[in-house]
$ cat data_8.txt   # compact mmCIF, C-alpha atoms and all ligand atoms
# COMPACT_ATOMS: atom_id res chain seq x y z
CA MET A 143 0.00 0.00 0.00
CA ASP A 144 1.06 3.62 -0.49
CA THR A 145 1.67 5.42 2.79
CA ILE A 146 0.53 9.04 2.81
CA ILE A 147 3.08 11.21 4.67
CA LYS A 148 1.85 14.68 5.71
CA LYS A 149 3.82 17.32 7.59
CA ILE A 150 1.89 19.30 10.15
CA ASP A 151 2.79 22.18 12.44
CA LYS A 152 1.28 21.98 15.92
CA LYS A 153 1.10 25.76 16.17
CA GLN A 154 -0.85 26.02 12.92
CA MET A 155 -2.78 22.77 12.71
CA ASN A 156 -3.79 21.86 9.16
CA ARG A 157 -7.44 20.74 9.63
CA GLU A 158 -7.46 18.78 6.39
CA VAL A 159 -4.58 16.54 7.56
CA ILE A 160 -6.35 15.91 10.89
CA ARG A 161 -9.65 15.18 9.11
CA LYS A 162 -7.94 12.68 6.77
CA ALA A 163 -6.20 10.93 9.70
CA GLY A 164 -9.53 10.69 11.54
CA GLN A 165 -11.29 9.28 8.52
CA ILE A 166 -8.65 6.54 8.05
CA LEU A 167 -8.91 5.58 11.74
CA LYS A 168 -12.72 5.44 11.62
CA GLU A 169 -12.52 3.19 8.56
CA GLY A 170 -10.29 0.75 10.47
CA GLY A 171 -6.92 1.88 9.04
CA LEU A 172 -3.58 2.72 10.68
CA VAL A 173 -2.17 6.23 11.19
CA ALA A 174 1.16 7.02 12.90
CA PHE A 175 1.28 10.33 14.77
CA PRO A 176 3.55 12.15 17.23
CA THR A 177 2.91 12.15 20.98
CA GLU A 178 5.08 13.79 23.64
CA THR A 179 6.75 10.42 24.40
CA VAL A 180 7.40 8.63 21.06
CA TYR A 181 5.49 8.29 17.75
CA GLY A 182 2.39 6.11 18.16
CA LEU A 183 0.80 3.75 15.63
CA GLY A 184 -2.87 4.67 15.88
CA ALA A 185 -5.88 2.42 15.28
CA ASN A 186 -9.49 2.39 16.47
CA ALA A 187 -9.12 0.79 19.91
CA LEU A 188 -12.71 -0.53 19.91
CA ASP A 189 -12.28 -2.40 16.61
CA GLU A 190 -10.80 -5.90 16.95
CA GLU A 191 -9.84 -6.02 13.25
CA ALA A 192 -7.90 -2.76 13.54
CA ALA A 193 -5.97 -4.25 16.48
CA LYS A 194 -5.05 -7.26 14.31
CA LYS A 195 -3.69 -4.91 11.63
CA THR A 196 -1.60 -3.11 14.27
CA TYR A 197 0.04 -6.37 15.39
CA ALA A 198 0.67 -7.38 11.79
CA ALA A 199 2.23 -4.04 10.75
CA LYS A 200 4.56 -4.00 13.77
CA GLY A 201 5.26 -7.73 13.78
CA ARG A 202 4.28 -7.54 17.47
CA PRO A 203 3.37 -10.67 19.48
CA SER A 204 -0.42 -10.55 19.98
CA ASP A 205 -0.17 -11.20 23.75
CA ASN A 206 1.45 -7.76 24.12
CA PRO A 207 -1.52 -5.45 24.84
CA LEU A 208 -2.04 -1.98 23.35
CA ILE A 209 -2.50 1.28 25.24
CA VAL A 210 -5.82 3.06 24.56
CA HIS A 211 -5.35 6.82 24.09
CA ILE A 212 -8.10 9.30 24.97
CA ALA A 213 -8.16 13.09 24.75
CA ASP A 214 -10.60 13.93 27.55
CA MET A 215 -11.54 12.50 30.96
CA SER A 216 -15.18 12.18 29.87
CA TYR A 217 -14.19 9.23 27.63
CA LEU A 218 -12.72 7.14 30.48
CA PRO A 219 -15.90 5.70 32.14
CA GLU A 220 -16.95 4.05 28.84
CA ILE A 221 -13.94 1.74 28.71
CA VAL A 222 -13.28 0.90 32.39
CA THR A 223 -15.51 -0.63 35.08
CA GLU A 224 -14.13 1.36 38.00
CA ILE A 225 -12.00 4.47 38.54
CA PRO A 226 -10.16 4.08 41.88
CA GLU A 227 -9.60 7.16 44.05
CA ALA A 228 -5.81 6.99 43.43
CA ALA A 229 -6.42 7.11 39.68
CA VAL A 230 -8.55 10.24 40.02
CA LYS A 231 -5.76 11.99 41.92
CA VAL A 232 -3.05 10.84 39.52
CA ALA A 233 -5.13 11.88 36.51
CA GLU A 234 -5.75 15.32 37.99
CA ARG A 235 -2.02 15.88 38.37
CA PHE A 236 -0.47 14.06 35.39
CA TRP A 237 -3.09 13.91 32.62
CA PRO A 238 -2.73 14.95 29.92
CA GLY A 239 0.86 13.69 30.01
CA PRO A 240 3.36 10.81 29.72
CA LEU A 241 1.56 8.44 32.09
CA THR A 242 -0.51 5.30 31.42
CA MET A 243 -2.81 3.70 33.99
CA ILE A 244 -4.12 0.11 34.07
CA PHE A 245 -7.86 -0.32 34.87
CA HIS A 246 -10.38 -3.19 34.77
CA LYS A 247 -11.79 -3.05 31.24
CA SER A 248 -15.44 -2.65 30.28
CA GLU A 249 -17.14 -4.75 27.60
CA ARG A 250 -16.58 -2.01 25.01
CA VAL A 251 -12.87 -2.86 24.82
CA PRO A 252 -12.21 -5.96 22.69
CA TYR A 253 -9.77 -8.63 23.89
CA GLY A 254 -7.89 -8.07 20.63
CA THR A 255 -6.80 -4.70 22.03
CA THR A 256 -5.89 -5.95 25.53
CA GLY A 257 -4.03 -9.07 24.41
CA GLY A 258 -6.67 -11.22 26.09
CA LEU A 259 -6.45 -9.44 29.48
CA ASP A 260 -9.44 -8.23 31.54
CA THR A 261 -7.55 -5.01 32.21
CA VAL A 262 -6.94 -2.10 29.85
CA ALA A 263 -4.10 0.43 29.70
CA VAL A 264 -5.24 4.04 29.18
CA ARG A 265 -3.28 7.23 28.51
CA MET A 266 -4.23 10.83 27.80
CA PRO A 267 -1.38 12.43 25.83
CA SER A 268 -0.63 16.16 25.98
CA HIS A 269 0.72 16.57 22.44
CA GLU A 270 -1.72 18.80 20.51
CA ILE A 271 -1.47 16.77 17.30
CA ALA A 272 -2.06 13.50 19.16
CA ARG A 273 -5.13 14.94 20.89
CA GLU A 274 -6.61 16.21 17.63
CA VAL A 275 -5.99 12.89 15.85
CA ILE A 276 -7.61 10.95 18.72
CA LEU A 277 -10.74 13.13 18.67
CA ALA A 278 -10.99 13.01 14.87
CA GLY A 279 -10.60 9.21 15.01
CA GLY A 280 -13.59 8.70 17.31
CA GLY A 281 -12.04 9.23 20.75
CA TYR A 282 -10.45 5.83 21.47
CA VAL A 283 -7.18 5.25 19.67
CA SER A 284 -4.79 2.40 20.51
CA ALA A 285 -1.26 3.60 19.84
CA PRO A 286 1.76 1.38 20.51
CA SER A 287 5.13 2.77 19.50
CA ALA A 288 5.19 3.11 15.69
CA ASN A 289 8.22 0.91 15.09
CA THR A 290 8.81 -2.64 13.95
CA SER A 291 8.65 -4.78 17.08
CA GLY A 292 12.17 -5.18 18.47
CA ARG A 293 13.62 -2.01 16.91
CA PRO A 294 14.23 1.19 18.91
CA SER A 295 11.04 3.23 19.40
CA PRO A 296 10.61 6.07 16.86
CA THR A 297 11.23 9.65 17.96
CA THR A 298 10.89 11.19 14.47
CA ALA A 299 8.58 10.61 11.49
CA GLU A 300 11.64 9.43 9.52
CA HIS A 301 12.12 6.59 12.03
CA VAL A 302 8.47 5.59 11.52
CA ALA A 303 8.87 5.67 7.74
CA GLU A 304 12.01 3.48 7.96
CA ASP A 305 10.02 0.74 9.69
CA LEU A 306 6.42 1.07 8.47
CA CYS A 307 6.35 2.71 5.02
CA GLY A 308 4.11 0.61 2.76
CA LYS A 309 2.52 -1.14 5.76
CA ILE A 310 0.25 1.62 7.11
CA GLU A 311 -2.13 4.15 5.55
CA MET A 312 -0.67 7.41 6.87
CA ILE A 313 2.14 9.09 8.83
CA VAL A 314 1.42 12.50 10.39
CA ASP A 315 4.83 14.19 10.59
CA GLY A 316 4.87 16.66 13.47
CA GLY A 317 8.67 16.76 13.85
CA ALA A 318 10.81 15.26 16.62
CA VAL A 319 9.09 14.30 19.86
CA ASP A 320 9.88 15.91 23.18
CA ILE A 321 10.50 13.23 25.84
CA GLY A 322 11.82 10.32 23.78
CA VAL A 323 11.01 7.37 26.07
CA GLU A 324 7.59 5.72 26.35
CA SER A 325 5.07 6.60 29.07
CA SER A 326 5.34 5.47 32.68
CA ILE A 327 2.80 2.68 33.37
CA LEU A 328 0.99 2.60 36.73
CA ASP A 329 -1.30 -0.30 37.67
CA VAL A 330 -4.13 1.19 39.75
CA THR A 331 -6.04 -2.11 40.03
CA VAL A 332 -3.75 -3.08 42.93
CA THR A 333 -3.16 -1.44 46.33
CA PRO A 334 -0.73 0.19 46.64
CA PRO A 335 -0.50 1.05 42.92
CA MET A 336 2.49 -0.49 41.11
CA ILE A 337 4.79 0.96 38.43
CA LEU A 338 5.04 -1.55 35.59
CA ARG A 339 7.25 0.59 33.34
CA PRO A 340 9.39 3.59 34.36
CA GLY A 341 8.97 6.81 32.34
CA ALA A 342 9.03 10.58 32.67
CA VAL A 343 6.47 10.55 35.50
CA THR A 344 8.69 9.07 38.21
CA LYS A 345 8.00 7.07 41.39
CA GLU A 346 8.88 10.17 43.44
CA MET A 347 6.37 12.30 41.50
CA LEU A 348 3.59 9.71 41.95
CA GLU A 349 4.30 9.24 45.66
CA ASP A 350 3.96 12.97 46.10
CA VAL A 351 0.32 12.65 45.03
CA ILE A 352 -0.87 9.25 46.31
CA GLY A 353 1.63 8.08 48.90
CA GLU A 354 3.16 4.61 48.66
CA VAL A 355 3.78 3.24 45.17
CA THR A 356 5.60 -0.04 44.51
CA VAL A 357 7.74 -0.94 41.50
CA ASP A 358 7.64 -4.18 39.52
CA LYS A 359 10.94 -5.64 40.70
CA THR A 360 11.75 -7.20 37.33
CA LEU A 361 12.12 -3.83 35.61
CA ILE A 362 15.73 -2.86 35.98
CA ARG A 363 17.59 -5.97 37.12
CA PRO A 364 15.35 -8.91 36.26
CA ASP A 365 16.07 -12.38 37.52
CA SER A 366 15.18 -15.30 35.34
CA ARG A 367 12.46 -16.65 37.65
CA THR A 368 10.04 -13.71 37.63
CA VAL A 369 7.97 -12.49 34.70
CA PRO A 370 7.25 -8.75 34.36
CA LYS A 371 3.61 -7.76 35.04
CA ALA A 372 3.33 -5.71 31.83
CA PRO A 373 3.38 -8.45 29.18
CA GLY A 374 5.41 -6.32 26.75
CA MET A 375 8.25 -5.81 29.20
CA LYS A 376 9.43 -9.42 28.87
CA TYR A 377 10.48 -8.97 25.25
CA ARG A 378 13.94 -7.77 24.27
CA HIS A 379 12.86 -4.40 22.90
CA TYR A 380 14.80 -1.57 21.41
CA ALA A 381 17.50 -3.88 20.21
CA PRO A 382 20.16 -2.35 17.98
CA LYS A 383 21.68 -4.71 15.42
CA ALA A 384 25.10 -4.58 17.11
CA SER A 385 25.81 -6.17 20.47
CA LEU A 386 25.56 -3.54 23.17
CA SER A 387 27.30 -3.50 26.56
CA VAL A 388 26.54 -1.02 29.32
CA VAL A 389 29.59 -0.10 31.40
CA GLU A 390 29.10 0.94 35.02
CA GLY A 391 31.64 2.41 37.45
CA GLU A 392 33.54 5.59 38.29
CA PRO A 393 33.45 7.87 35.22
CA LYS A 394 37.23 7.78 34.78
CA ASP A 395 37.31 3.95 34.94
CA VAL A 396 34.39 3.67 32.51
CA VAL A 397 36.13 5.83 29.90
CA GLU A 398 39.39 3.94 30.37
CA PHE A 399 37.68 0.55 30.02
CA ILE A 400 35.75 1.58 26.90
CA ASN A 401 38.91 3.05 25.32
CA ARG A 402 40.80 -0.20 25.94
CA GLN A 403 37.98 -2.42 24.62
CA THR A 404 37.48 -0.21 21.57
CA LYS A 405 41.16 -0.45 20.64
CA GLU A 406 41.07 -4.24 20.95
CA GLN A 407 37.87 -4.58 18.90
CA ILE A 408 39.17 -2.29 16.15
CA ALA A 409 42.38 -4.34 16.00
CA LYS A 410 40.16 -7.39 15.37
CA GLY A 411 38.51 -5.57 12.47
CA CYS A 412 35.25 -4.64 14.23
CA ARG A 413 33.46 -1.31 13.95
CA VAL A 414 32.78 0.11 17.39
CA GLY A 415 30.13 2.63 18.48
CA ILE A 416 30.35 4.53 21.77
CA ILE A 417 27.40 6.14 23.56
CA ALA A 418 29.09 9.05 25.32
CA THR A 419 27.86 12.17 27.12
CA ALA A 420 28.76 15.83 26.67
CA GLU A 421 30.94 15.44 29.76
CA THR A 422 33.05 12.58 28.36
CA MET A 423 32.88 12.62 24.59
CA ASN A 424 36.27 14.28 24.13
CA GLN A 425 37.94 11.61 26.23
CA TYR A 426 37.35 8.77 23.77
CA ARG A 427 40.29 8.16 21.46
CA SER A 428 38.81 5.92 18.75
CA GLY A 429 35.54 4.41 17.52
CA ASP A 430 32.31 6.02 16.31
CA VAL A 431 31.66 8.33 19.29
CA LYS A 432 28.16 9.83 19.64
CA CYS A 433 26.98 12.18 22.34
CA VAL A 434 23.57 11.11 23.69
CA GLY A 435 23.06 14.23 25.85
CA THR A 436 24.36 15.87 28.97
CA ARG A 437 24.34 14.50 32.51
CA ALA A 438 23.53 18.04 33.64
CA ASP A 439 20.04 17.59 32.11
CA GLU A 440 19.10 13.91 31.94
CA MET A 441 16.00 14.66 29.87
CA THR A 442 18.40 15.27 26.94
CA ILE A 443 19.70 11.71 27.39
CA ALA A 444 16.14 10.28 27.36
CA SER A 445 15.29 12.14 24.17
CA GLY A 446 18.55 11.19 22.43
CA LEU A 447 18.76 7.50 23.26
CA PHE A 448 16.54 5.75 20.68
CA GLY A 449 17.74 7.98 17.84
CA ILE A 450 21.37 7.12 18.60
CA LEU A 451 20.63 3.38 18.61
CA ARG A 452 19.09 3.77 15.15
CA GLU A 453 22.11 5.79 13.95
CA PHE A 454 24.42 2.97 15.01
CA ASP A 455 22.24 0.54 13.02
CA ALA A 456 22.67 2.76 9.96
CA ASP A 457 26.45 3.02 10.59
CA GLU A 458 26.57 -0.79 10.72
CA VAL A 459 28.75 -0.97 13.80
CA ASP A 460 29.41 -4.44 15.23
CA VAL A 461 29.78 -3.56 18.90
CA ILE A 462 28.43 -0.68 21.02
CA TYR A 463 29.64 0.43 24.45
CA SER A 464 27.47 2.76 26.50
CA GLU A 465 28.14 4.56 29.73
CA ALA A 466 25.63 3.69 32.49
CA PHE A 467 23.31 6.25 34.11
CA ARG A 468 22.08 6.68 37.67
CA GLU A 469 18.79 4.90 38.33
CA GLU A 470 16.86 7.76 39.87
CA GLY A 471 14.15 10.03 38.43
CA ILE A 472 14.12 9.84 34.62
CA GLY A 473 17.35 7.82 34.95
CA SER A 474 15.25 4.74 35.86
CA ALA A 475 13.52 4.96 32.47
CA ILE A 476 16.82 5.53 30.66
CA MET A 477 18.53 2.54 32.30
CA ASN A 478 15.45 0.33 31.81
CA ARG A 479 15.48 0.99 28.04
CA LEU A 480 19.27 0.84 27.74
CA LEU A 481 19.58 -2.45 29.62
CA LYS A 482 16.78 -3.98 27.55
CA ALA A 483 18.57 -2.90 24.39
CA ALA A 484 21.70 -4.54 25.79
CA GLY A 485 19.88 -7.78 26.62
CA HIS A 486 20.92 -6.89 30.21
CA HIS A 487 24.61 -7.13 29.40
CA ILE A 488 26.22 -4.92 32.01
CA VAL A 489 29.93 -4.68 32.79
CA LYS A 490 31.05 -3.37 36.19
CA VAL A 491 34.51 -1.78 36.23
P1 LIG A 501 3.86 0.27 23.75
O1 LIG A 501 2.47 0.30 23.24
O2 LIG A 501 4.85 -0.16 22.73
O3 LIG A 501 4.23 1.50 24.50
O4 LIG A 501 3.82 -0.89 24.85
C1 LIG A 501 2.70 -0.95 25.72
C2 LIG A 501 3.13 -1.50 27.04
O5 LIG A 501 1.99 -1.45 27.92
C3 LIG A 501 3.58 -2.94 26.97
O6 LIG A 501 4.71 -3.14 27.80
C4 LIG A 501 2.36 -3.68 27.50
O7 LIG A 501 2.68 -4.91 28.06
C5 LIG A 501 1.81 -2.70 28.54
N1 LIG A 501 0.39 -2.93 28.79
C6 LIG A 501 -0.64 -2.62 27.96
N2 LIG A 501 -1.82 -3.03 28.49
C7 LIG A 501 -1.53 -3.60 29.68
C8 LIG A 501 -2.32 -4.22 30.71
N3 LIG A 501 -3.64 -4.33 30.59
N4 LIG A 501 -1.69 -4.72 31.79
C9 LIG A 501 -0.35 -4.60 31.91
N5 LIG A 501 0.45 -4.03 30.98
C10 LIG A 501 -0.11 -3.54 29.87
MG MG A 502 6.90 -0.28 21.97

$ encode --input "data_8.txt" --output "structure tokens"
Amino acid sequence: MDTIIKKIDKKQMNREVIRKAGQILKEGGLVAFPTETVYGLGANALDEEAAKKTYAAKGRPSDNPLIVHIADMSYLPEIVTEIPEAAVKVAERFWPGPLTMIFHKSERVPYGTTGGLDTVAVRMPSHEIAREVILAGGGYVSAPSANTSGRPSPTTAEHVAEDLCGKIEMIVDGGAVDIGVESSILDVTVTPPMILRPGAVTKEMLEDVIGEVTVDKTLIRPDSRTVPKAPGMKYRHYAPKASLSVVEGEPKDVVEFINRQTKEQIAKGCRVGIIATAETMNQYRSGDVKCVGTRADEMTIASGLFGILREFDADEVDVIYSEAFREEGIGSAIMNRLLKAAGHHIVKV
């Protein structure tokens, strides 16, 4: 199929582009659009057939449920059976925004969308284009990351086109996204609520509003006996084509170790990529050195990470070394994605 690609400016929304996107969604088609986290692959969340198309286009395992996106609180009661008090408080503070909550689903939500679960994940994005597309598409739009399953999530329309051109009806190009890692997921069907995926809304921020919040222990350092509670978190996501190692230790030792390894690998004829920071990038002596962002503002690292992994794919490096990041605040989300990309290969120096 031919994929329509339309640029749109969020400050001067082209109504015709939004109308077209809405029409495709209502007819059961697939439209990729920007959100504040990553690009989403939109489909009508209440249409089982549209969900099937989503799984097929992404090559995503069908037991990995989709997140339903809404644009207004008034849409929520239709798709859930109960809105716990904690969810009301969290929604008041963090919606619209980069946070997903898990509820018990109502009959309106097909099992095709929830991967067979009786619960449903719901998010209300803040990105103006996302909100307009959702409303034009009927109000309930499932939108997993708009990448081929297993590849880094897309933070630009070009990334979406790389993976999905010819497989979906339309890409709405609203430029690069802001945050760059997927939403935090909070399960509010349990007490206390539990974080199933770390994101830009952190544990500390949630605890500020609702008190105790637990974290699915498998998220950062999984052990082989426990399965993550969000079905999608068990898959090796975000994988670059090269083998990636995350190196943890004192900054000076990390740089020294990576320099030594890089020299050895190059001597063997391998191409080496290095994920560096503004603070260290001048200290690397060889290899394909890319700066992911600055430790002085970790949000820059979140927004740079997936793009850099894709760049290393394009550069066809064989091995990637990345510095590790502290696992606090947005750092939990960064390390969660980085370690998944590395298949949890971490080197302590
Ligand atoms: P993505 O759409 O690519 O951002 O991935 C969606 C994530 O949300 C996956 O990790 C899913 O497993 C998770 N998810 C969606 N629905 C549920 C649910 N009902 N219960 C637990 N996790 C969910
Ligand atoms: Mg994804």

$ residues_near_ligand --input "data_8.txt" --ligand "ligand LIG 501 (chain A)" --cutoff "7 Å" --atoms "all atoms listed in the file" --output "VMD selection string"
chain A and resid 206 to 209 244 256 259 261 to 263 285 to 287 324 to 325 327 338 371 to 375

$ atom_distance --input "data_8.txt" --atom1 "atom CA of A:Asp144" --atom2 "atom CA of A:Gly308"
5.4 Å

$ residues_near_point --input "data_8.txt" --point "(28.6, -4.7, 25.1)" --cutoff "9 Å" --atoms "only C-alpha atoms" --output "number ranges by chain"
A: 384-389, 461-464, 484, 487-489

$ residues_near_ligand --input "data_8.txt" --ligand "ligand MG 502 (chain A)" --cutoff "10 Å" --atoms "only C-alpha atoms and all ligand atoms" --output "PDB file with C-alpha atoms, in the frame of the given file"
ATOM      1  CA  VAL A 180       7.400   8.630  21.060  1.00  0.00           C
ATOM      2  CA  TYR A 181       5.490   8.290  17.750  1.00  0.00           C
ATOM      3  CA  GLY A 182       2.390   6.110  18.160  1.00  0.00           C
ATOM      4  CA  LEU A 183       0.800   3.750  15.630  1.00  0.00           C
ATOM      5  CA  LYS A 200       4.560  -4.000  13.770  1.00  0.00           C
ATOM      6  CA  ARG A 202       4.280  -7.540  17.470  1.00  0.00           C
ATOM      7  CA  ASN A 206       1.450  -7.760  24.120  1.00  0.00           C
ATOM      8  CA  LEU A 208      -2.040  -1.980  23.350  1.00  0.00           C
ATOM      9  CA  ALA A 285      -1.260   3.600  19.840  1.00  0.00           C
ATOM     10  CA  PRO A 286       1.760   1.380  20.510  1.00  0.00           C
ATOM     11  CA  SER A 287       5.130   2.770  19.500  1.00  0.00           C
ATOM     12  CA  ALA A 288       5.190   3.110  15.690  1.00  0.00           C
ATOM     13  CA  ASN A 289       8.220   0.910  15.090  1.00  0.00           C
ATOM     14  CA  THR A 290       8.810  -2.640  13.950  1.00  0.00           C
ATOM     15  CA  SER A 291       8.650  -4.780  17.080  1.00  0.00           C
ATOM     16  CA  GLY A 292      12.170  -5.180  18.470  1.00  0.00           C
ATOM     17  CA  ARG A 293      13.620  -2.010  16.910  1.00  0.00           C
ATOM     18  CA  PRO A 294      14.230   1.190  18.910  1.00  0.00           C
ATOM     19  CA  SER A 295      11.040   3.230  19.400  1.00  0.00           C
ATOM     20  CA  PRO A 296      10.610   6.070  16.860  1.00  0.00           C
ATOM     21  CA  VAL A 323      11.010   7.370  26.070  1.00  0.00           C
ATOM     22  CA  GLU A 324       7.590   5.720  26.350  1.00  0.00           C
ATOM     23  CA  GLY A 374       5.410  -6.320  26.750  1.00  0.00           C
ATOM     24  CA  MET A 375       8.250  -5.810  29.200  1.00  0.00           C
ATOM     25  CA  TYR A 377      10.480  -8.970  25.250  1.00  0.00           C
ATOM     26  CA  HIS A 379      12.860  -4.400  22.900  1.00  0.00           C
ATOM     27  CA  TYR A 380      14.800  -1.570  21.410  1.00  0.00           C
TER      28      TYR A 380
END

$ residues_near_point --input "data_8.txt" --point "(-18.7, -3.5, 26.4)" --cutoff "10 Å" --atoms "all atoms listed in the file" --output "PDB file with C-alpha atoms, keeping the file's coordinate frame"
ATOM      1  CA  LEU A 188     -12.710  -0.530  19.910  1.00  0.00           C
ATOM      2  CA  GLU A 220     -16.950   4.050  28.840  1.00  0.00           C
ATOM      3  CA  ILE A 221     -13.940   1.740  28.710  1.00  0.00           C
ATOM      4  CA  VAL A 222     -13.280   0.900  32.390  1.00  0.00           C
ATOM      5  CA  THR A 223     -15.510  -0.630  35.080  1.00  0.00           C
ATOM      6  CA  LYS A 247     -11.790  -3.050  31.240  1.00  0.00           C
ATOM      7  CA  SER A 248     -15.440  -2.650  30.280  1.00  0.00           C
ATOM      8  CA  GLU A 249     -17.140  -4.750  27.600  1.00  0.00           C
ATOM      9  CA  ARG A 250     -16.580  -2.010  25.010  1.00  0.00           C
ATOM     10  CA  VAL A 251     -12.870  -2.860  24.820  1.00  0.00           C
ATOM     11  CA  PRO A 252     -12.210  -5.960  22.690  1.00  0.00           C
TER      12      PRO A 252
END

$ closest_residue --input "data_8.txt" --among "A:Val369, A:Trp237, A:Ala466, A:Val232" --to "A:Asp350" --atoms "only C-alpha atoms"
A:Val232

$ closest_residue --input "data_8.txt" --among "A:Lys195, A:Lys168, A:Arg427, A:Thr419" --to "A:Thr404" --atoms "all atoms listed in the file"
A:Arg427

$ atom_distance --input "data_8.txt" --atom1 "atom CA of A:Gly316" --atom2 "atom CA of A:Gly257"
29.3 Å

$ closest_residue --input "data_8.txt" --among "A:Val396, A:Val283, A:Leu277, A:Ala420" --to "A:Asp189" --atoms "all atoms listed in the file"
A:Val283

$ residues_around --input "data_8.txt" --residues "A:Asp315" --least-positions-apart "4" --cutoff "12 Å" --atoms "all atoms listed in the file" --output "PyMOL selection string"
chain A and resi 146-152+155-156+159-160+163+173-177+181-182+271-272+296-303+319

$ residues_around --input "data_8.txt" --residues "stretch 457-459 of chain A" --least-positions-apart "2" --cutoff "8 Å" --atoms "only C-alpha atoms" --output "list in words"
Lys383, Ala384, Cys412, Arg413, Val414, Gly415, Glu453, Phe454, Asp455, Val461 and Ile462 of chain A

$ closest_residue --input "data_8.txt" --among "A:Asn401, A:Ile352, A:Lys345, A:Ile450" --to "A:Glu469" --atoms "only C-alpha atoms"
A:Lys345

$ residues_around --input "data_8.txt" --residues "A:His211" --least-positions-apart "5" --cutoff "8 Å" --atoms "all atoms listed in the file" --output "list in words"
Val264, Arg265, Met266, Pro267, Ile276, Gly281, Tyr282, Val283, Ser284 and Ala285 of chain A

$ closest_residue --input "data_8.txt" --among "A:Asn186, A:Thr242, A:Thr360, A:Ser204" --to "A:Gly341" --atoms "only C-alpha atoms"
A:Thr242

$ residues_around --input "data_8.txt" --residues "A:Val397" --least-positions-apart "3" --cutoff "10 Å" --atoms "all atoms listed in the file" --output "list in words"
Val389, Glu390, Gly391, Glu392, Pro393, Lys394, Ile400, Asn401, Arg402, Gln403, Ala418, Thr422, Met423, Gln425, Tyr426, Arg427, Ser464 and Glu465 of chain A

$ atom_distance --input "data_8.txt" --atom1 "atom CA of A:Ile166" --atom2 "atom CA of A:Ala187"
13.2 Å

$ closest_residue --input "data_8.txt" --among "A:Thr255, A:Gln165, A:Ser326, A:Ser268" --to "A:Leu348" --atoms "only C-alpha atoms"
A:Ser326

$ decode --input "data_8.txt" --residues "stretch 276-290 of chain A" --atoms "N, CA and C atoms" --output "PDB file, in the first residue's frame"
ATOM      1  N   ILE A 276      -6.762  11.844  17.912  1.00  0.00           N
ATOM      2  CA  ILE A 276      -7.611  10.947  18.719  1.00  0.00           C
ATOM      3  C   ILE A 276      -9.082  11.370  18.597  1.00  0.00           C
ATOM      4  N   LEU A 277      -9.344  12.648  18.747  1.00  0.00           N
ATOM      5  CA  LEU A 277     -10.735  13.129  18.673  1.00  0.00           C
ATOM      6  C   LEU A 277     -11.310  12.895  17.283  1.00  0.00           C
ATOM      7  N   ALA A 278     -10.509  13.187  16.249  1.00  0.00           N
ATOM      8  CA  ALA A 278     -10.993  13.009  14.873  1.00  0.00           C
ATOM      9  C   ALA A 278     -11.238  11.529  14.570  1.00  0.00           C
ATOM     10  N   GLY A 279     -10.491  10.642  15.272  1.00  0.00           N
ATOM     11  CA  GLY A 279     -10.600   9.207  15.010  1.00  0.00           C
ATOM     12  C   GLY A 279     -11.693   8.522  15.813  1.00  0.00           C
ATOM     13  N   GLY A 280     -12.459   9.293  16.583  1.00  0.00           N
ATOM     14  CA  GLY A 280     -13.587   8.704  17.308  1.00  0.00           C
ATOM     15  C   GLY A 280     -13.400   8.675  18.816  1.00  0.00           C
ATOM     16  N   GLY A 281     -12.215   9.067  19.306  1.00  0.00           N
ATOM     17  CA  GLY A 281     -12.041   9.234  20.751  1.00  0.00           C
ATOM     18  C   GLY A 281     -11.279   8.135  21.462  1.00  0.00           C
ATOM     19  N   TYR A 282     -11.171   6.940  20.834  1.00  0.00           N
ATOM     20  CA  TYR A 282     -10.452   5.827  21.470  1.00  0.00           C
ATOM     21  C   TYR A 282      -9.442   5.265  20.473  1.00  0.00           C
ATOM     22  N   VAL A 283      -8.187   5.641  20.650  1.00  0.00           N
ATOM     23  CA  VAL A 283      -7.179   5.248  19.665  1.00  0.00           C
ATOM     24  C   VAL A 283      -6.062   4.454  20.355  1.00  0.00           C
ATOM     25  N   SER A 284      -5.921   3.173  19.981  1.00  0.00           N
ATOM     26  CA  SER A 284      -4.789   2.404  20.508  1.00  0.00           C
ATOM     27  C   SER A 284      -3.558   2.894  19.767  1.00  0.00           C
ATOM     28  N   ALA A 285      -2.452   3.051  20.497  1.00  0.00           N
ATOM     29  CA  ALA A 285      -1.259   3.600  19.837  1.00  0.00           C
ATOM     30  C   ALA A 285       0.013   3.060  20.482  1.00  0.00           C
ATOM     31  N   PRO A 286       0.447   1.851  20.073  1.00  0.00           N
ATOM     32  CA  PRO A 286       1.760   1.383  20.510  1.00  0.00           C
ATOM     33  C   PRO A 286       2.827   2.178  19.778  1.00  0.00           C
ATOM     34  N   SER A 287       4.062   2.064  20.206  1.00  0.00           N
ATOM     35  CA  SER A 287       5.127   2.773  19.502  1.00  0.00           C
ATOM     36  C   SER A 287       5.123   2.358  18.030  1.00  0.00           C
ATOM     37  N   ALA A 288       5.349   3.353  17.134  1.00  0.00           N
ATOM     38  CA  ALA A 288       5.189   3.114  15.692  1.00  0.00           C
ATOM     39  C   ALA A 288       6.482   2.616  15.056  1.00  0.00           C
ATOM     40  N   ASN A 289       6.997   1.511  15.619  1.00  0.00           N
ATOM     41  CA  ASN A 289       8.218   0.905  15.090  1.00  0.00           C
ATOM     42  C   ASN A 289       7.940  -0.567  14.787  1.00  0.00           C
ATOM     43  N   THR A 290       8.852  -1.188  14.066  1.00  0.00           N
ATOM     44  CA  THR A 290       8.806  -2.640  13.949  1.00  0.00           C
ATOM     45  C   THR A 290       9.162  -3.200  15.311  1.00  0.00           C
TER      46      THR A 290
END
